[in-house]
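Below is one structure, written out as structure tokens; the observations come after it.
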Number of protein chains: 2
Amino acid sequence: MELTTATKEFITHWGEMGTRWGINRTVAQIHALLFISETPLTADEISDTLSIARSTVSTGLHELQSWDLVRIVHMLGDRRDHFGTRSDVWEMFSIVLNERRRREMDPTLNVLREIMDELGDSESEDEFTRERLQELLDFFETIMSLYEQLENLPLSSVKNIAKMGNLAGKLLGIMPVQK
Amino acid sequence: MELTTATKEFITHWGEMGTRWGINRTVAQIHALLFISETPLTADEISDTLSIARSTVSTGLHELQSWDLVRIVHMLGDRRDHFGTRSDVWEMFSIVLNERRRREMDPTLNVLREIMDELGDSESEDEFTRERLQELLDFFETIMSLYEQLENLPLSSVKNIAKMGNLAGKLLGIMPVQK
DNA sequence: TCGAACTTTCGGAAAGGACCGAAATAACAA
DNA sequence: TTGTTATTTCGGTCCTTTCCGAAAGTTCGA
């Protein structure tokens, strides 16, 4: 598979950006390639096109599948596995966001709850710490609940809300009056 | 400075979590320590308490200051710099979120725009790629605009909105009727 | 201007993560 | 079965990042 300058640029950058998103560079590159490929590709094609070891491609594809960003596609008359990406960008990012939540917020929420439990008993010295951690816990719980509320909206609604414009003003409009 | 079991747990975990947020483990630990400390601490105290090299603390504090998460506090009759954190959790995360946007979205937006420019001319082969990247660009632009709208709300409003509950329903209520 | 207290810079060691390629395994046709 | 093609596993190497400690730099009182 031949790459044009533009696609090369895109793949390179997506890899770069992947690392900042906590995703392995080559894994992100594989994803980028599949994203702009019109048809599903075989692991060998990916390996050749991106010049990365066949084994690395294999591992990367597994990771992408575990994220549910990539699927195996079987082509009639071809024994080899072909791989294609999810096409809807919104779905794609909702998956990534969800995974991030799972990795970056859930554990913290759990730990904070545990610690608050422990601290709850020992009515003691740690008064300041307790307050501080309670604030943190409240914050995380609020964000989580917000997240869950949005998660339950149909995707189409989210898209529309996002594109609506002047969201800020409208939100203010529905807020209860402040004391 | 002596640490209780609970605070040790918290600091350890915050460091752990920092790495997942793209923040260096020890830097995150320093932040955690300052966050639960009732008074600002000196670099030496931090170094001793966390058992990390004095120089590492220095670097870490600089990084935290560059994020505007930590500030130097001068104590009367003490030449040494003392360091304290921002106290408002919401402010804290709004800063982190903003930094993330700067690092994780801005560059991609720029690259996508550049590539679309290049691709715009060569009315050619890359039709499919162009479409794909256009979707991506649209997505990023929508999210960015959303983000900016929320950013301009006063923090107090954001807090209230977040705590309001049933946001989803209310949002649907203000949405224009779908075709 | 000297020296003491404090802070930063920097080279390199150590740790961790990414990636390769060889070998093992699996899937299939003949 | 047996050979052939496709895929995965795994040990080791390379590369990056983190962290230390020594040395240099800064600030300030005497």
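Letters A, B, ... mark the chains of the structure tokens in the order given; residue numbers begin at 1 per chain; ligand numbers begin at 1, in order shown.
For chain A, the residues no farther than 10 Å from chain C when using only C-alpha atoms (C1' of nucleotides) are Asn24, Arg25, Thr26, Ile52, Ala53, Arg54, Ser55, Thr56 and Arg79 of chain A.
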Please dump the current selection as a compact mmCIF listing (two decimals), in the first residue's frame; keep N, CA and C atoms.
```txt
# COMPACT_ATOMS: atom_id res chain seq x y z
N ASN A 24 0.32 3.83 22.93
CA ASN A 24 1.58 3.50 22.29
C ASN A 24 1.66 4.05 20.86
N ARG A 25 2.81 4.60 20.52
CA ARG A 25 2.98 5.26 19.22
C ARG A 25 2.61 4.37 18.03
N THR A 26 3.19 3.19 17.98
CA THR A 26 2.93 2.33 16.82
C THR A 26 1.48 1.86 16.78
N ILE A 52 6.97 -1.66 10.35
CA ILE A 52 7.13 -2.14 11.72
C ILE A 52 7.00 -3.65 11.71
N ALA A 53 7.65 -4.29 12.68
CA ALA A 53 7.75 -5.74 12.68
C ALA A 53 6.35 -6.38 12.70
N ARG A 54 6.27 -7.46 12.00
CA ARG A 54 5.02 -8.20 11.92
C ARG A 54 4.46 -8.52 13.30
N SER A 55 5.35 -8.86 14.21
CA SER A 55 4.90 -9.23 15.56
C SER A 55 4.34 -8.02 16.30
N THR A 56 4.95 -6.90 16.06
CA THR A 56 4.46 -5.68 16.70
C THR A 56 3.06 -5.35 16.21
N ARG A 79 -7.79 -16.52 3.31
CA ARG A 79 -7.63 -17.08 4.66
C ARG A 79 -7.21 -16.04 5.67
```
Only residues of chain B matter here; which ones have an atom within 6 Å of chain A, counting only C-alpha atoms? Give them as a PyMOL selection string. chain B and resi 6+36+115+129+149-150+168
Interface list for chain D, partner chain A, 9 Å threshold, only C-alpha atoms (C1' of nucleotides), as a ChimeraX atom specification: /D:5-8
